[in-house]
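K.L.:
Supplied in structure tokens, the structure appears directly below.
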Amino acid sequence: MTDLVTRRVVQHDAFQRRHIGTTPDAQAAMLAAVGVDSTDELMARAVPSAIALADDAPSALPPAATERRAIAELRALAARNTVRTSMIGLGYSGTITPAVIQRNVLENPSWYTAYTPYQPEISQGRLEALLNFQTMVADLTGLTTANASMLDEATAVVEGMLLARRASRAKTARFVVDADALPQTKAVLAGRAEAVGIELVEADLAADGLPEGDLFGVLVQYPGASGRVWDPSAVLAGAKERGGLAVVAADLLAMTLLTPPGELGADVAVGSSQRFGVPMAMGGPHAGFMAVRAGLERQLPGRLVGVSKDADGQPAYRLSLQAREQHIRREKATSNICTAQVLLAVMASMYAVYHGPSGLRRIAERVDTAAHRAATVLESKGVRVRKGSFFDTFVADVEDADLVLARGRDAGLWLRKVDDTAVAVSFDETTANAPFNALLSAFGLPLEESSGFALAKFRHVPEGLERTSEYLTHPVFNTFHSETGMMRYLKYLADLDYALDRGMIPLGSCTMKLNAATEMAAVTWPEFADLHPFAPAEDVAGSLELIGQLEGWLADLTGYDAVSLQPNAGSQGELAGLLAIRGYHRANGDEARTVCLIPSSAHGTNAASAVLAGLKVVVVACDELGNVDLDDLRAKVAAHAEHLAALMITYPSTHGVYEHEIRAVTDAVHAAGGQVYIDGANLNALVGRARFGDFGGDVSHLNLHKTFCIPHGGGGPGVGPVAAKAHLAAHLPSHPFAQQAVQGGPGRFGGAPVSAAPFGSPGILPISWAYVRMMGADGLRDATDAAVLAANYVAARLGDAFPVLYRGDGGLVAHECILDLRPLTAETGVTVDDVAKRLIDYGFHAPTMSFPVPGTLMVEPTESEDLAEIDRFVDAMLAIRAEADRVAAGEWPADDNPLQGAPHTARAVTDTVWPHAYSRETAAYPFEAATHGEGRLRAVRGKYWPPVRRIDQAYGDRNLVCACPPPGAFE
Amino acid sequence: MTSEQDLKYTSDHEWVDADGDVATVGITGYAADQLGDIVYAELPAVGDTVEAGQVVGELESTKSVGELFCPVSGEVVEVNEAVSSSPEIVNSDPTGAGWLLKVRFTELPDLLDKAAYDALTGAA
């Protein structure tokens, strides 16, 4: 028996035996295949002894809780939150998530466990949903092309500013910011602008127009943070006359009534789609958005879905213009962001699909009516409501804002303090029919008999700003308005896709592990979902407690002193960490330390983030074993010693090995006065076995959506906390609206904020909290061991058919392995693409293609797959290898074989004409020979049929279409 | 049209065809193959002054981006509009219809001949 069992008895209701897919017996068989006796021995051989954590190292984690107990504890934390009716606004509005969307999208593993649609043939469902999102945003903003979502509104504004700088003809570093922009947007902008040398000029654009002087762009908030609606077209035109770009941060719901930015002259529109059915969740996750006018498509950051065609000439969706992105363009990318907020963008798009254009307009009118009615009634009772046009928000001058807020809170309302003598009141879909008496109480007025105020139409759209253009005219927004229709549309789309609920997704560097149902349970609880991010600390005590505990656990697991959960993606955590390093050097008077060393094997985001933190990238070579070339590192450190800011290194490396010399690497950088940034993307190979902070890391980001079970959501949300040693803590992200009560929260940090909300995306933190709570220190270490064992088992079984490119100590890999297909391609002409697409016919999602080495596949099985599924994958790969050999042997022509023809749709293999050199059976049911036993039955009966054949990537980029194609295109 | 044999080459995988004081510039078939299906070409504007070794444009494929280094100093007198609308011709005919720009120069730098370039790419 393995040591896993002898070490301790795993209780029958312990969560770890549900999370870890391989049983002790299976692990014993896998260890035998690898040639080691126990998982302890495996890890002792694989992890360099210089960094290995002692077996008896103390842990701050509580002992593992059962699923039932974890839910009870989460209930207790939730009970410490008090949800009140939010009238705070500032880009976060109450919304009614249609139940059909909550159940069939947000709570449906077919949507939330899918990966980013890099393999478009098995992602047509969510690609269609994202195309709906892009069409919705483009229509509502009146611009040509929208991307597949941004991380939040504040960072979308930052990306709009950076886009303006790239695209502007003006040779200046000045960017003009609307004084009525959201305050959190202004705070994020300030930090990001400072790091890259942009000078911000704030101006009251509505009152004073554009200030004098050069500019490369202007930001207008429309409607403003104060609620004000005004016509910014003269300001936008003025900015463009000076060679700048016009960026408008717009409210999507207001755009159903108001002239959209595109028609007012904007080049770029940004904002948040949160109020389209996505809970506020104390700040996130939500889908931000960006749309641009024609001609700026190539400047877009982030993901962009487009239409191409497949091998049969049928329309098919895919990610477009990927050459813009950091994984190809590295430090010259349009942005450092990798992912989008797909799950939330899908929800927002479905809200528009469900309500349709007239439904959205009715909601907007109700909100508008309620706000104006409330303002009128308050005014009639003597409250000094500020004059002017508004949509859903107005400001009232009062004697004591704190008193109004306190009375409001007693009456069940959250209001917003503008300053000591002004209060803002914001309406939304949920408050449009709310009782009015709470608001009267807040303002100290006598209560009324009447129960509501959405009685008459009081709309006041200023002259010339009434929307006249149509929007959402595509049939998809005018068809699925019954719940039956909506449920079936969501099921139809989900069935087109391959997610973890179908089978293994062995994507290297992505860690597609279990997202357990218990972990997901609390996400939609109203005590977490209905919190405004700027709610008073005393009303969010449970969430602050949860956040504090999770921060403490993550610090303990990584060997750091401070953690900030604010970054809402790995890329943002990277940026926050690098900004902390920059802040530290500058605080020490070392302004000249601006060089960031990055190994050539690094993820492209590293370089892109470094540039956005104001650092200069210098690439360090790797040796033939895939490790950092120590000689080159020392030479680069020496050459830049005076200017060395940091080294960014991923551990285990992006090559999937535990680099033996990591201490030598970190020591060399420290000796020269540099800081060490360890990229935590591969932390899943380390938890419980080694800690970044113990072997030289000064700061890291972690990917909670990899190691800590937050689902990938089809390409977002992510959470990328930044963890640092004490000397950098002061430079971690702060936030102007941080709830100060939290221990170690952003209140005590001093760096610029990197997200719109103080704690980023708290709505999904219960997932990671529950994972750590239910695994405990032992369970987490066992998960690491199981993940490393699974990767080594795959390497052992596939190594003969596909050489494993890099191995570390003991000939072992870490939690993933790179299979080198270049020899196969040279021998047989069969490419990485052919193997990836053929895996679809076998019922698998392909491993990571051509990262970090072109012509390779990187496999990461994770700890959650059971041995039968891992074997099914291995058998499929071996069967594909045999097929490739038949091509090489001339049995099948190079241009007509099942690999080159993959994937095969049901339509293709049932066509009357079958002109191919291989049989229909070989095309569609190849796994009959490659599977056995009970798994074979499932494979045959439950075969996954891809909806499209191989997609023509080049056609889609050459003929860019990023909105829903007309239905006729599919006939 | 000069034959491939008689074109001049750079180590950055451009070819140069000098005729009088105007050099036609493109990328080699080797470079086009390495890039893959080219989907977009960003070229300088006519009238731009360019320097040898300077990045004057980009060629984007579905999978990668190649920078276009100008092999000669001078003034851009023509760019290939056909490449902007149909970038695939750089793949199908890199040294013919897929030319990229014409530069009026005063002096031609030292460039590689076909044999030296082939040695560089391992094609020899």
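We name chains A, B, ... following the order of the structure tokens; residues begin at 1 in each chain, and ligands are numbered from 1 as shown.
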Per residue of chain A within 7 Å of chain B, record the nearest atom pair and its distance in Å to one decimal, counting only C-alpha atoms, with rows in chain order and ascending residue number, as JSON lines.
P.N.:
```
{"residue": "A:Leu321", "atom": "CA", "partner": "B:Thr62", "partner_atom": "CA", "distance": 6.8}
{"residue": "A:Gln322", "atom": "CA", "partner": "B:Thr62", "partner_atom": "CA", "distance": 6.6}
{"residue": "A:Ala323", "atom": "CA", "partner": "B:Ser64", "partner_atom": "CA", "distance": 5.7}
{"residue": "A:Ile328", "atom": "CA", "partner": "B:Ser64", "partner_atom": "CA", "distance": 5.8}
{"residue": "A:Arg329", "atom": "CA", "partner": "B:Val65", "partner_atom": "CA", "distance": 6.9}
{"residue": "A:Gln953", "atom": "CA", "partner": "B:Thr62", "partner_atom": "CA", "distance": 6.5}
{"residue": "A:Ala954", "atom": "CA", "partner": "B:Thr62", "partner_atom": "CA", "distance": 6.0}
{"residue": "A:Asp957", "atom": "CA", "partner": "B:Val39", "partner_atom": "CA", "distance": 5.9}
{"residue": "A:Arg958", "atom": "CA", "partner": "B:Val39", "partner_atom": "CA", "distance": 5.1}
```
K.L.:
Since we have the selection now, will you write its residues out, keeping N, CA and C atoms, as a tab-separated table (two decimals), in the first residue's frame?
P.N.:
```tsv
chain	number	residue	atom	x	y	z
A	321	LEU	N	-7.60	37.98	-34.76
A	321	LEU	CA	-6.48	38.91	-34.59
A	321	LEU	C	-5.67	38.62	-33.34
A	322	GLN	N	-5.35	37.34	-33.14
A	322	GLN	CA	-4.62	37.00	-31.91
A	322	GLN	C	-3.21	37.56	-31.90
A	323	ALA	N	-2.73	37.96	-33.09
A	323	ALA	CA	-1.37	38.51	-33.13
A	323	ALA	C	-1.26	39.82	-32.37
A	328	ILE	N	1.74	36.46	-28.26
A	328	ILE	CA	2.53	36.53	-29.48
A	328	ILE	C	3.44	37.75	-29.47
A	329	ARG	N	2.88	38.91	-29.11
A	329	ARG	CA	3.62	40.14	-29.29
A	329	ARG	C	4.42	40.53	-28.04
A	953	GLN	N	-8.32	29.68	-40.07
A	953	GLN	CA	-7.92	30.81	-39.22
A	953	GLN	C	-7.61	32.05	-40.05
A	954	ALA	N	-6.88	31.86	-41.15
A	954	ALA	CA	-6.44	33.02	-41.92
A	954	ALA	C	-7.61	33.74	-42.56
A	957	ASP	N	-9.18	36.25	-40.22
A	957	ASP	CA	-8.38	37.45	-39.95
A	957	ASP	C	-8.33	38.37	-41.16
A	958	ARG	N	-8.39	37.76	-42.34
A	958	ARG	CA	-8.34	38.59	-43.55
A	958	ARG	C	-9.68	39.23	-43.84
```
K.L.:
Contacts of Ala580 (chain A) at 7 Å or less, counting only C-alpha atoms, minus same-chain residues fewer than 2 places along, as a compact mmCIF listing (two decimals) with C-alpha atoms, in the first residue's frame?
P.N.:
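That gives us part14.txt:
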```txt
# COMPACT_ATOMS: atom_id res chain seq x y z
CA ALA A 576 0.45 44.97 -9.14
CA GLY A 577 3.54 42.99 -8.10
CA LEU A 578 5.79 44.82 -10.54
CA ARG A 582 8.86 49.84 -8.77
CA GLY A 583 7.39 51.65 -5.77
CA TYR A 584 9.90 50.02 -3.44
CA LEU A 728 6.98 45.34 -0.38
CA HIS A 731 3.41 49.16 -2.11
CA LEU A 732 0.61 46.66 -2.71
CA GLY A 751 0.19 51.38 -3.81
```
K.L.:
If you run DSSP on the backbone, which residues of chain B are strand (DSSP E or B), as a ChimeraX atom specification?
P.N.:
/B:8-9,14-19,22-27,38-42,49-50,55-61,65-69,74-79,101-104,112
K.L.:
Store the residues picked out above, limited to C-alpha atoms, as an mmCIF file, in the first residue's frame.
P.N.:
```
data_model
loop_
_atom_site.group_PDB
_atom_site.id
_atom_site.type_symbol
_atom_site.label_atom_id
_atom_site.label_comp_id
_atom_site.auth_asym_id
_atom_site.auth_seq_id
_atom_site.Cartn_x
_atom_site.Cartn_y
_atom_site.Cartn_z
ATOM 1 C CA LYS B 8 20.282 40.607 -52.806
ATOM 2 C CA TYR B 9 19.334 39.520 -49.284
ATOM 3 C CA GLU B 14 14.355 40.638 -46.740
ATOM 4 C CA TRP B 15 15.246 40.653 -50.405
ATOM 5 C CA VAL B 16 16.331 43.716 -52.342
ATOM 6 C CA ASP B 17 16.078 44.295 -56.073
ATOM 7 C CA ALA B 18 17.947 47.465 -56.998
ATOM 8 C CA ASP B 19 17.078 49.104 -60.301
ATOM 9 C CA VAL B 22 15.121 52.541 -56.590
ATOM 10 C CA ALA B 23 15.214 49.340 -54.539
ATOM 11 C CA THR B 24 12.216 47.030 -54.413
ATOM 12 C CA VAL B 25 11.977 45.272 -51.053
ATOM 13 C CA GLY B 26 10.104 42.183 -49.931
ATOM 14 C CA ILE B 27 10.461 39.250 -47.586
ATOM 15 C CA ILE B 38 -0.087 36.273 -43.521
ATOM 16 C CA VAL B 39 -3.287 38.125 -42.753
ATOM 17 C CA TYR B 40 -2.220 41.733 -42.412
ATOM 18 C CA ALA B 41 0.583 43.968 -43.599
ATOM 19 C CA GLU B 42 1.418 47.288 -42.033
ATOM 20 C CA THR B 49 12.164 58.777 -44.929
ATOM 21 C CA VAL B 50 13.560 55.442 -43.807
ATOM 22 C CA VAL B 55 11.591 48.785 -38.427
ATOM 23 C CA VAL B 56 9.260 50.168 -41.075
ATOM 24 C CA GLY B 57 6.378 47.761 -40.940
ATOM 25 C CA GLU B 58 4.937 44.513 -39.694
ATOM 26 C CA LEU B 59 3.611 41.349 -41.221
ATOM 27 C CA GLU B 60 1.048 39.582 -39.127
ATOM 28 C CA SER B 61 0.006 35.974 -39.488
ATOM 29 C CA VAL B 65 4.183 38.876 -36.085
ATOM 30 C CA GLY B 66 7.244 39.646 -38.183
ATOM 31 C CA GLU B 67 8.886 43.044 -38.159
ATOM 32 C CA LEU B 68 9.957 44.481 -41.466
ATOM 33 C CA PHE B 69 13.449 45.933 -41.251
ATOM 34 C CA GLY B 74 16.141 56.577 -48.493
ATOM 35 C CA GLU B 75 12.627 57.670 -49.289
ATOM 36 C CA VAL B 76 9.639 55.386 -49.770
ATOM 37 C CA VAL B 77 8.355 56.013 -53.299
ATOM 38 C CA GLU B 78 5.773 53.260 -53.550
ATOM 39 C CA VAL B 79 4.122 50.620 -51.383
ATOM 40 C CA LEU B 101 7.840 48.676 -50.885
ATOM 41 C CA LYS B 102 10.135 50.660 -53.178
ATOM 42 C CA VAL B 103 12.759 52.949 -51.719
ATOM 43 C CA ARG B 104 14.774 55.626 -53.561
ATOM 44 C CA LEU B 112 24.065 38.933 -49.035
#
```
K.L.:
Looking only at helix (DSSP H, G or I) from DSSP on the backbone, list the matching residues of region 657-809 of chain A as an MDAnalysis selection string.
P.N.:
chainID A and resid 662:671 683:685 692:694 726:729 762:798 809
K.L.:
Rounded to one decimal, what separation in Å do you get between CA of Leu252 (chain A) and CA of Lys417 (chain A)?
P.N.:
24.2 Å
K.L.:
Can you tell me, as a PyMOL selection string, what residues are no more than 6 Å from region 138-150 of chain A when counting only C-alpha atoms, ignoring any on the same chain fewer than 4 positions away?
P.N.:
chain A and resi 130+134+156+255+260-262+287-294+303-304+340-341+471
K.L.:
Would you mind exporting the chosen residues as a tab-separated table (two decimals), in the first residue's frame, restricted to N, CA and C atoms?
P.N.:
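Dumped to result.tsv:
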```tsv
chain	number	residue	atom	x	y	z
A	130	LEU	N	-20.49	35.00	-27.01
A	130	LEU	CA	-19.60	36.17	-26.97
A	130	LEU	C	-19.83	37.08	-28.18
A	134	GLN	N	-20.60	40.97	-28.14
A	134	GLN	CA	-19.94	42.00	-28.95
A	134	GLN	C	-20.96	42.80	-29.78
A	156	ALA	N	-10.92	49.04	-18.04
A	156	ALA	CA	-11.30	49.28	-19.44
A	156	ALA	C	-10.98	50.72	-19.82
A	255	MET	N	-27.89	53.82	-22.63
A	255	MET	CA	-27.73	53.93	-24.08
A	255	MET	C	-28.97	53.49	-24.85
A	260	PRO	N	-26.03	57.33	-28.53
A	260	PRO	CA	-24.86	56.58	-28.08
A	260	PRO	C	-23.55	57.29	-28.44
A	261	PRO	N	-22.46	56.91	-27.75
A	261	PRO	CA	-21.16	57.58	-27.95
A	261	PRO	C	-20.72	57.62	-29.41
A	262	GLY	N	-20.93	56.50	-30.13
A	262	GLY	CA	-20.48	56.46	-31.52
A	262	GLY	C	-21.12	57.56	-32.36
A	287	ALA	N	-18.36	41.78	-16.40
A	287	ALA	CA	-17.72	42.00	-17.70
A	287	ALA	C	-17.68	43.48	-18.03
A	288	GLY	N	-16.47	44.03	-18.06
A	288	GLY	CA	-16.30	45.36	-18.65
A	288	GLY	C	-16.39	45.22	-20.16
A	289	PHE	N	-16.43	46.34	-20.85
A	289	PHE	CA	-16.48	46.24	-22.30
A	289	PHE	C	-15.67	47.35	-22.96
A	290	MET	N	-15.34	47.14	-24.22
A	290	MET	CA	-14.72	48.18	-25.03
A	290	MET	C	-15.19	48.02	-26.47
A	291	ALA	N	-15.58	49.12	-27.07
A	291	ALA	CA	-15.94	49.13	-28.49
A	291	ALA	C	-15.18	50.26	-29.17
A	292	VAL	N	-14.87	50.07	-30.44
A	292	VAL	CA	-14.10	51.08	-31.19
A	292	VAL	C	-14.76	51.34	-32.54
A	293	ARG	N	-14.44	52.50	-33.09
A	293	ARG	CA	-14.90	52.81	-34.44
A	293	ARG	C	-14.08	52.02	-35.45
A	294	ALA	N	-14.58	51.98	-36.68
A	294	ALA	CA	-13.86	51.27	-37.74
A	294	ALA	C	-12.46	51.86	-37.90
A	303	ARG	N	-9.54	39.78	-25.89
A	303	ARG	CA	-10.08	38.81	-26.85
A	303	ARG	C	-11.07	39.46	-27.80
A	304	LEU	N	-11.08	38.96	-29.02
A	304	LEU	CA	-12.01	39.43	-30.03
A	304	LEU	C	-12.52	38.21	-30.79
A	340	ALA	N	-10.62	37.28	-20.58
A	340	ALA	CA	-11.75	38.19	-20.57
A	340	ALA	C	-12.59	37.85	-19.33
A	341	GLN	N	-13.83	38.24	-19.32
A	341	GLN	CA	-14.76	37.86	-18.25
A	341	GLN	C	-15.89	37.10	-18.92
A	471	TYR	N	-31.34	49.39	-32.32
A	471	TYR	CA	-30.28	48.56	-31.76
A	471	TYR	C	-30.83	47.17	-31.52
```
K.L.:
Considering only C-alpha atoms, return as JSON, numbers by chain whatever protein or nucleic-acid residues lie within 10 Å of Trp525 (chain A), sequence-local ones (same chain, fewer than 4 positions apart) excluded.
P.N.:
{"A": [75, 78, 281, 521, 529, 530, 763]}
K.L.:
Please identify all polymer residues within 9 Å of Gly760 (chain A), counting only C-alpha atoms, omitting same-chain residues fewer than 4 positions from it, and present them as a VMD selection string.
P.N.:
chain A and resid 282 to 285 533 565 to 569 719 754 to 756
K.L.:
Can you pull out the residues contacting His705 (chain A)? Cut-off 7 Å, using only C-alpha atoms, and skip same-chain residues under 4 positions away; I want them as a PyMOL selection string.
P.N.:
chain A and resi 709-712+718-719
K.L.:
What gap, in Å, lies between CA of Leu236 (chain A) and CA of Leu205 (chain A)?
P.N.:
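Between CA of Leu236 (chain A) and CA of Leu205 (chain A) the gap works out to 10.1 Å.
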K.L.:
For CA of Arg689 (chain A) and CA of Gln16 (chain A), quote the distance in Å rounded to one decimal.
P.N.:
17.0 Å
K.L.:
Counting only C-alpha atoms, what is within 7 Å of Ala432 (chain A), bar same-chain residues fewer than 5 positions away, as a PDB file with N, CA and C atoms, in the first residue's frame?
P.N.:
```pdb
ATOM      1  N   ARG A 366     -38.246  52.600 -16.857  1.00  0.00           N
ATOM      2  CA  ARG A 366     -38.716  52.468 -15.482  1.00  0.00           C
ATOM      3  C   ARG A 366     -37.713  53.060 -14.501  1.00  0.00           C
ATOM      4  N   VAL A 367     -36.435  52.783 -14.741  1.00  0.00           N
ATOM      5  CA  VAL A 367     -35.381  53.315 -13.874  1.00  0.00           C
ATOM      6  C   VAL A 367     -35.373  54.837 -13.957  1.00  0.00           C
ATOM      7  N   ALA A 370     -38.451  56.316 -12.281  1.00  0.00           N
ATOM      8  CA  ALA A 370     -38.375  56.241 -10.821  1.00  0.00           C
ATOM      9  C   ALA A 370     -37.443  57.306 -10.277  1.00  0.00           C
ATOM     10  N   PHE A 427     -30.785  54.924  -8.895  1.00  0.00           N
ATOM     11  CA  PHE A 427     -31.853  53.922  -9.060  1.00  0.00           C
ATOM     12  C   PHE A 427     -31.434  52.824 -10.032  1.00  0.00           C
ATOM     13  N   ALA A 454     -43.098  54.561  -9.264  1.00  0.00           N
ATOM     14  CA  ALA A 454     -42.918  54.396 -10.703  1.00  0.00           C
ATOM     15  C   ALA A 454     -44.280  54.447 -11.380  1.00  0.00           C
TER      16      ALA A 454
END
```
